[in-house]
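The next block is structure03.cif, given as mmCIF, C-alpha atoms and all ligand atoms.
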```
data_model
loop_
_atom_site.label_atom_id
_atom_site.label_comp_id
_atom_site.auth_asym_id
_atom_site.auth_seq_id
_atom_site.Cartn_x
_atom_site.Cartn_y
_atom_site.Cartn_z
CA MET F 1359 121.89 41.78 80.37
CA THR F 1360 124.53 43.78 78.58
CA PHE F 1361 127.05 41.75 76.59
CA ASN F 1362 129.72 44.23 77.69
CA THR F 1363 130.22 41.82 80.59
CA LEU F 1364 131.61 39.39 77.98
CA ARG F 1365 134.39 41.85 77.13
CA PRO F 1366 137.11 40.01 79.13
CA PHE F 1367 136.35 36.81 77.19
CA VAL F 1368 136.15 38.64 73.85
CA SER F 1369 139.49 40.36 74.44
CA LYS F 1370 141.15 36.91 74.82
CA VAL F 1371 140.21 36.30 71.16
CA ILE F 1372 140.78 39.86 69.97
CA GLU F 1373 144.22 40.42 71.56
CA PRO F 1374 146.15 37.80 69.50
CA LEU F 1375 144.36 38.89 66.34
CA ALA F 1376 145.29 42.51 67.05
CA GLU F 1377 148.94 41.48 67.57
CA PHE F 1378 148.85 39.86 64.13
CA PHE F 1379 147.53 43.04 62.46
CA VAL F 1380 150.05 45.20 64.35
CA ARG F 1381 152.91 42.94 63.20
CA TYR F 1382 151.89 43.46 59.56
CA GLU F 1383 151.42 47.21 60.14
CA VAL F 1384 147.75 47.23 59.16
CA SER F 1385 146.35 50.62 60.15
CA PRO F 1386 143.39 50.81 62.55
CA ASN F 1387 141.50 52.97 60.03
CA THR F 1388 141.84 50.23 57.40
CA VAL F 1389 140.30 47.79 59.86
CA SER F 1390 137.45 50.26 60.61
CA ILE F 1391 136.77 50.55 56.88
CA ALA F 1392 136.82 46.74 56.58
CA SER F 1393 134.08 46.62 59.24
CA LEU F 1394 131.99 49.08 57.19
CA ILE F 1395 132.44 46.99 54.03
CA CYS F 1396 131.30 43.88 55.93
CA ALA F 1397 128.22 45.74 57.21
CA PHE F 1398 127.39 46.99 53.71
CA PHE F 1399 127.54 43.48 52.24
CA ALA F 1400 125.67 42.08 55.25
CA GLY F 1401 122.92 44.60 54.43
CA LEU F 1402 122.87 43.54 50.77
CA SER F 1403 122.73 39.89 51.82
CA PHE F 1404 119.84 40.49 54.24
CA TYR F 1405 118.02 42.44 51.54
CA TYR F 1406 118.25 39.59 49.02
CA SER F 1407 117.84 36.80 51.58
CA PRO F 1408 114.04 36.32 51.21
CA GLY F 1409 114.68 35.08 47.64
CA SER F 1410 117.63 32.91 48.56
CA ARG F 1411 117.97 31.39 52.00
CA GLU F 1412 121.78 31.08 51.86
CA PHE F 1413 122.05 34.87 51.85
CA VAL F 1414 120.75 35.05 55.41
CA LEU F 1415 123.57 32.74 56.51
CA LEU F 1416 126.11 34.85 54.60
CA ALA F 1417 124.68 37.99 56.25
CA GLY F 1418 125.10 36.40 59.70
CA PHE F 1419 128.78 35.70 59.02
CA LEU F 1420 129.33 39.21 57.62
CA VAL F 1421 127.83 40.73 60.79
CA ILE F 1422 130.27 38.57 62.80
CA PHE F 1423 133.17 39.98 60.75
CA ASN F 1424 131.78 43.50 61.17
CA SER F 1425 131.79 42.94 64.95
CA ILE F 1426 135.30 41.49 65.00
CA PHE F 1427 136.79 44.33 62.93
CA ASP F 1428 134.89 46.87 65.04
CA ALA F 1429 136.35 45.37 68.22
CA LEU F 1430 139.82 45.14 66.65
CA ASP F 1431 140.40 48.69 65.37
CA GLY F 1432 140.63 50.31 68.82
CA VAL F 1433 142.86 47.55 70.20
CA ILE F 1434 145.22 47.80 67.20
CA ALA F 1435 145.35 51.59 67.59
CA ARG F 1436 146.35 51.29 71.26
CA LYS F 1437 148.86 48.48 70.73
CA ALA F 1438 150.52 50.21 67.77
CA ASN F 1439 150.46 53.58 69.53
CA ARG F 1440 148.36 54.92 66.67
CA ALA F 1441 145.27 56.02 68.62
CA THR F 1442 144.12 59.41 67.28
CA PRO F 1443 140.96 61.52 67.71
CA ARG F 1444 140.41 61.15 63.96
CA GLY F 1445 140.53 57.36 64.21
CA ASP F 1446 138.09 57.39 67.13
CA PHE F 1447 135.75 59.68 65.19
CA LEU F 1448 135.94 57.48 62.08
CA ASP F 1449 135.19 54.41 64.19
CA HIS F 1450 131.99 55.97 65.60
CA VAL F 1451 130.80 57.27 62.23
CA ILE F 1452 131.37 53.85 60.66
CA ASP F 1453 129.48 52.15 63.49
CA ARG F 1454 126.45 54.38 62.88
CA TYR F 1455 126.43 53.65 59.12
CA SER F 1456 126.95 49.95 59.85
CA ASP F 1457 123.90 49.98 62.13
CA VAL F 1458 121.87 51.60 59.35
CA PHE F 1459 122.99 49.03 56.73
CA ILE F 1460 122.26 46.08 59.02
CA ILE F 1461 118.93 47.14 60.59
CA CYS F 1462 117.38 48.89 57.57
CA SER F 1463 118.15 46.03 55.18
CA ILE F 1464 116.20 43.62 57.40
CA PHE F 1465 113.02 45.67 57.30
CA PHE F 1466 113.56 46.72 53.65
CA ALA F 1467 113.44 42.97 52.99
CA ASP F 1468 110.00 42.86 54.62
CA TYR F 1469 110.89 40.63 57.57
CA VAL F 1470 108.87 43.12 59.61
CA PRO F 1471 106.62 46.11 58.74
CA TRP F 1472 108.64 49.24 57.90
CA GLN F 1473 107.02 51.14 60.79
CA VAL F 1474 108.67 48.73 63.26
CA GLY F 1475 111.94 49.02 61.37
CA VAL F 1476 111.88 52.81 61.56
CA ALA F 1477 111.18 52.60 65.31
CA ALA F 1478 114.18 50.25 65.63
CA ILE F 1479 116.67 52.37 63.67
CA VAL F 1480 115.58 55.54 65.49
CA GLY F 1481 116.02 53.79 68.86
CA VAL F 1482 119.42 52.44 67.84
CA GLN F 1483 120.72 55.83 66.67
CA LEU F 1484 119.29 57.56 69.77
CA THR F 1485 120.99 55.01 72.02
CA SER F 1486 124.39 55.72 70.46
CA TYR F 1487 123.78 59.47 70.33
CA LEU F 1488 123.10 59.51 74.08
CA GLY F 1489 126.36 57.62 74.69
CA THR F 1490 128.30 60.37 72.92
CA GLN F 1491 126.11 63.10 74.43
CA ALA F 1492 127.25 61.90 77.89
CA GLN F 1493 130.81 62.33 76.64
CA ALA F 1494 130.02 65.81 75.25
CA LEU F 1495 128.80 66.77 78.73
CA ASN F 1496 132.13 65.59 80.23
CA LEU F 1497 130.56 62.53 81.86
CA GLY F 1498 132.69 60.11 79.84
CA ARG F 1499 131.45 57.84 77.07
CA TYR F 1500 128.45 55.89 78.40
CA TYR F 1501 127.71 52.37 77.16
CA GLY F 1502 125.08 51.39 79.76
CA GLY F 1503 121.55 50.12 79.24
CA ILE F 1504 120.02 46.82 78.21
CA MET F 1505 120.66 47.02 74.45
CA GLY F 1506 123.97 48.59 73.46
CA ARG F 1507 125.71 47.94 70.13
CA ALA F 1508 127.37 44.70 71.22
CA ASP F 1509 124.00 43.36 72.41
CA ARG F 1510 122.16 44.20 69.20
CA LEU F 1511 124.88 42.63 67.06
CA VAL F 1512 124.57 39.42 69.07
CA VAL F 1513 120.76 39.51 68.62
CA VAL F 1514 121.09 40.03 64.84
CA ILE F 1515 123.73 37.27 64.46
CA LEU F 1516 121.67 34.74 66.44
CA ALA F 1517 118.51 35.73 64.55
CA ALA F 1518 120.26 35.35 61.16
CA PHE F 1519 121.37 31.82 62.02
CA GLY F 1520 117.97 31.06 63.58
CA ASN F 1521 116.21 32.31 60.46
CA PHE F 1522 118.46 30.16 58.26
CA ALA F 1523 117.58 27.07 60.30
CA PHE F 1524 113.87 27.88 60.55
CA SER F 1525 112.50 30.37 58.03
CA SER F 1526 108.75 29.98 58.67
CA PRO F 1527 106.96 32.73 60.59
CA ILE F 1528 106.41 32.25 64.32
CA ALA F 1529 103.35 34.11 65.61
CA GLY F 1530 103.26 36.26 62.48
CA PHE F 1531 106.94 37.08 61.93
CA PRO F 1532 110.12 35.23 60.95
CA ILE F 1533 112.90 35.11 63.57
CA LEU F 1534 114.71 38.07 61.94
CA GLY F 1535 111.48 40.10 62.17
CA TRP F 1536 111.24 39.28 65.88
CA ALA F 1537 114.85 40.40 66.31
CA VAL F 1538 113.99 43.83 64.88
CA ILE F 1539 110.89 44.04 67.11
CA LEU F 1540 113.06 43.19 70.13
CA ILE F 1541 115.64 45.82 69.12
CA ALA F 1542 112.88 48.41 68.50
CA VAL F 1543 111.52 48.00 72.03
CA THR F 1544 114.76 47.55 73.95
CA SER F 1545 116.73 50.29 72.18
CA HIS F 1546 114.16 52.87 73.26
CA ILE F 1547 114.33 51.47 76.81
CA THR F 1548 118.12 51.83 76.59
CA ALA F 1549 117.78 55.42 75.36
CA ILE F 1550 115.57 56.21 78.36
CA GLN F 1551 118.06 54.49 80.71
CA ARG F 1552 120.85 56.66 79.27
CA ILE F 1553 118.74 59.85 79.49
CA LEU F 1554 118.07 59.12 83.18
CA TYR F 1555 121.76 58.37 83.81
CA ILE F 1556 122.86 61.67 82.24
CA TRP F 1557 120.07 63.59 83.97
CA LYS F 1558 121.08 62.27 87.40
CA LYS F 1559 124.78 62.90 86.79
CA LEU F 1560 124.08 66.52 85.87
CA ASP F 1561 122.34 67.15 89.19
O1 LIG A 1 126.52 53.45 72.36
P1 LIG A 1 126.34 52.08 71.75
O2 LIG A 1 126.01 51.04 72.76
O3 LIG A 1 125.39 52.12 70.58
O4 LIG A 1 127.74 51.62 71.16
C1 LIG A 1 128.42 52.48 70.34
C2 LIG A 1 129.60 51.86 69.71
O5 LIG A 1 130.13 50.83 70.42
C3 LIG A 1 130.65 52.88 69.43
O6 LIG A 1 130.37 53.58 68.27
#
```

Would you give me this structure, written as structure tokens?
Amino acid sequence: MTFNTLRPFVSKVIEPLAEFFVRYEVSPNTVSIASLICAFFAGLSFYYSPGSREFVLLAGFLVIFNSIFDALDGVIARKANRATPRGDFLDHVIDRYSDVFIICSIFFADYVPWQVGVAAIVGVQLTSYLGTQAQALNLGRYYGGIMGRADRLVVVILAAFGNFAFSSPIAGFPILGWAVILIAVTSHITAIQRILYIWKKLD
């Protein structure tokens, strides 16, 4: 169910945007930092959203911008011939902090018990760690599994808009709480899928 299959469609939107940034000589690192700023403010918006419903909508849009900038930085770097190991490293570090801002703010805001939130953020970080661990073992960067970063961003965006439209709990939790529960379960499944992939490849 990975949203990576949507990449060809996404690149149709990203390519012209990237051309625009390249034309104005915006550096890929600036775009990476813009994605981090969006994630930080998305986190703040989620955190304050229980007191003011509009914040959840704002958070949803900020996560969309985080995703767009995250998709753009690599494309800009390639198009402008500015791809560097440092830029790639910065991109991954920023993605990890962005995940922390977005996921932690939702459970800090009590959409779901903190224990579930901790399970989710651990699963998310483990998933990404195993992707880079595959690379460290010379197997290439691995993005497989049912809940990679693109998937969880789509889940969070849909849940933010769903929660804005319908904020009452459903079977004990608001929609955003259910999103974190879903991510908690599926990110650990993804981590196991990646462990098995690496294990088999090392045979
Ligand atoms: O390994 P994932 O699926 O968490 O994705 C990682 C990002 O796309 C790159 O930092």

For this session: List all protein, DNA and RNA residues that have an atom no more than 7 Å from any atom of ligand LIG 1 (chain A), counting all atoms listed in the file, and report them as a PyMOL selection string.
Result: chain F and resi 1449-1450+1453-1454+1482+1485-1487+1489+1500-1501+1505-1508

Exercise. Any idea what's packed within 7 Å of range 1409-1422 of chain F, counting all atoms listed in the file, ignoring anything in its chain fewer than 2 positions away? Could you give it as number ranges by chain?
Worked result: F: 1396-1397, 1400, 1403-1404, 1406-1407, 1424-1426, 1515, 1518-1519, 1522

Residues of the last selection are to be written out with C-alpha atoms, as a PDB file, in the frame of the given file.
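Wrote it out as selection05.pdb, contents follow:
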```pdb
ATOM      1  CA  CYS F1396     131.300  43.880  55.930  1.00  0.00           C
ATOM      2  CA  ALA F1397     128.220  45.740  57.210  1.00  0.00           C
ATOM      3  CA  ALA F1400     125.670  42.080  55.250  1.00  0.00           C
ATOM      4  CA  SER F1403     122.730  39.890  51.820  1.00  0.00           C
ATOM      5  CA  PHE F1404     119.840  40.490  54.240  1.00  0.00           C
ATOM      6  CA  TYR F1406     118.250  39.590  49.020  1.00  0.00           C
ATOM      7  CA  SER F1407     117.840  36.800  51.580  1.00  0.00           C
ATOM      8  CA  ASN F1424     131.780  43.500  61.170  1.00  0.00           C
ATOM      9  CA  SER F1425     131.790  42.940  64.950  1.00  0.00           C
ATOM     10  CA  ILE F1426     135.300  41.490  65.000  1.00  0.00           C
ATOM     11  CA  ILE F1515     123.730  37.270  64.460  1.00  0.00           C
ATOM     12  CA  ALA F1518     120.260  35.350  61.160  1.00  0.00           C
ATOM     13  CA  PHE F1519     121.370  31.820  62.020  1.00  0.00           C
ATOM     14  CA  PHE F1522     118.460  30.160  58.260  1.00  0.00           C
TER      15      PHE F1522
END
```

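Reported to one decimal place, the separation of CA of Phe1423 in chain F from CA of Gln1483 in chain F is 21.0 Å.
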
For this session: Determine the nearest neighbour of Ile1461 in chain F from the options F:Ile1372, F:Ala1542, F:Leu1364, F:Ala1392, counting all atoms listed in the file.
Result: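 Between F:Ile1372, F:Ala1542, F:Leu1364, F:Ala1392, the residue approaching Ile1461 in chain F most closely is F:Ala1542.
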
Problem set entry | Which residue of F:Ser1545, F:Ala1429, F:Tyr1555, F:Gly1401 approaches Val1476 in chain F most closely, using all atoms listed in the file |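 Residue with the minimum atom-to-atom distance to Val1476 in chain F: F:Ser1545.
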
Problem set entry | Atom pair CA of Val1543 in chain F / CA of Ile1504 in chain F: separation (Å) |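 Rounded to one decimal, the two atoms are 10.6 Å apart.
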
For this session: Using only C-alpha atoms, pick whichever of F:Asp1446, F:Asp1468, F:Val1474, F:His1546 has the shortest atom-to-atom distance to Arg1499 in chain F.
Result: F:Asp1446

Exercise. Between F:Tyr1405, F:Tyr1382, F:Phe1398, F:Trp1557, which has the minimum distance to Phe1466 in chain F (counting only C-alpha atoms)?
Worked result: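 Once distances to Phe1466 in chain F are computed over only C-alpha atoms, the minimum belongs to F:Tyr1405.
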
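Pairwise distance (CA of Ala1549 in chain F, CA of Gln1493 in chain F) equals 14.8 Å.
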
For this session: Would you please work out which residue, of F:Leu1394, F:Cys1462, F:Val1368, F:Leu1497, is nearest to Ala1477 in chain F when using all atoms listed in the file?
Result: F:Cys1462

Problem set entry | Counting all atoms listed in the file, the option among F:Leu1430, F:Leu1448, F:Val1513, F:Trp1536 closest to Leu1375 in chain F | F:Leu1430

Exercise. For the point (146.5, 49.1, 59.8) in file coordinates, what residues are within 12 Å, counting all atoms listed in the file? Give the answer as a PyMOL selection string?
Worked result: chain F and resi 1376-1392+1427+1430-1441+1445

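Residues lying within 12 Å of Leu1554 in chain F, counting only C-alpha atoms and ignoring same-chain neighbours fewer than 6 positions away, are F:Leu1488, F:Gly1489, F:Ala1492, F:Tyr1500, F:Gly1502, F:Gly1503, F:Ile1547, F:Thr1548, F:Leu1560, F:Asp1561.
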
So that I have them on file, write out the residues from the current selection with C-alpha atoms, as a compact mmCIF listing (two decimals), in the frame of the given file.
```
# COMPACT_ATOMS: atom_id res chain seq x y z
CA LEU F 1488 123.10 59.51 74.08
CA GLY F 1489 126.36 57.62 74.69
CA ALA F 1492 127.25 61.90 77.89
CA TYR F 1500 128.45 55.89 78.40
CA GLY F 1502 125.08 51.39 79.76
CA GLY F 1503 121.55 50.12 79.24
CA ILE F 1547 114.33 51.47 76.81
CA THR F 1548 118.12 51.83 76.59
CA LEU F 1560 124.08 66.52 85.87
CA ASP F 1561 122.34 67.15 89.19
```

Problem set entry | Spatial neighbours of Pro1532 in chain F, max dist 10 Å, only C-alpha atoms, sep filter under 5 positions, as a list of chain:residue names | F:Asp1468, F:Tyr1469, F:Val1470, F:Ala1517, F:Gly1520, F:Asn1521, F:Phe1524, F:Ser1525, F:Ser1526, F:Pro1527, F:Ala1537

Calculate, to one decimal in Å, the centre and edge lengths of the box along x, y and z of the file that holds all listed atoms of range 1404-1418 of chain F with 8 Å of margin on each side, and present them as JSON.
```
{"center_x": 120.1, "center_y": 36.8, "center_z": 53.7, "size_x": 28.1, "size_y": 27.4, "size_z": 28.1}
```
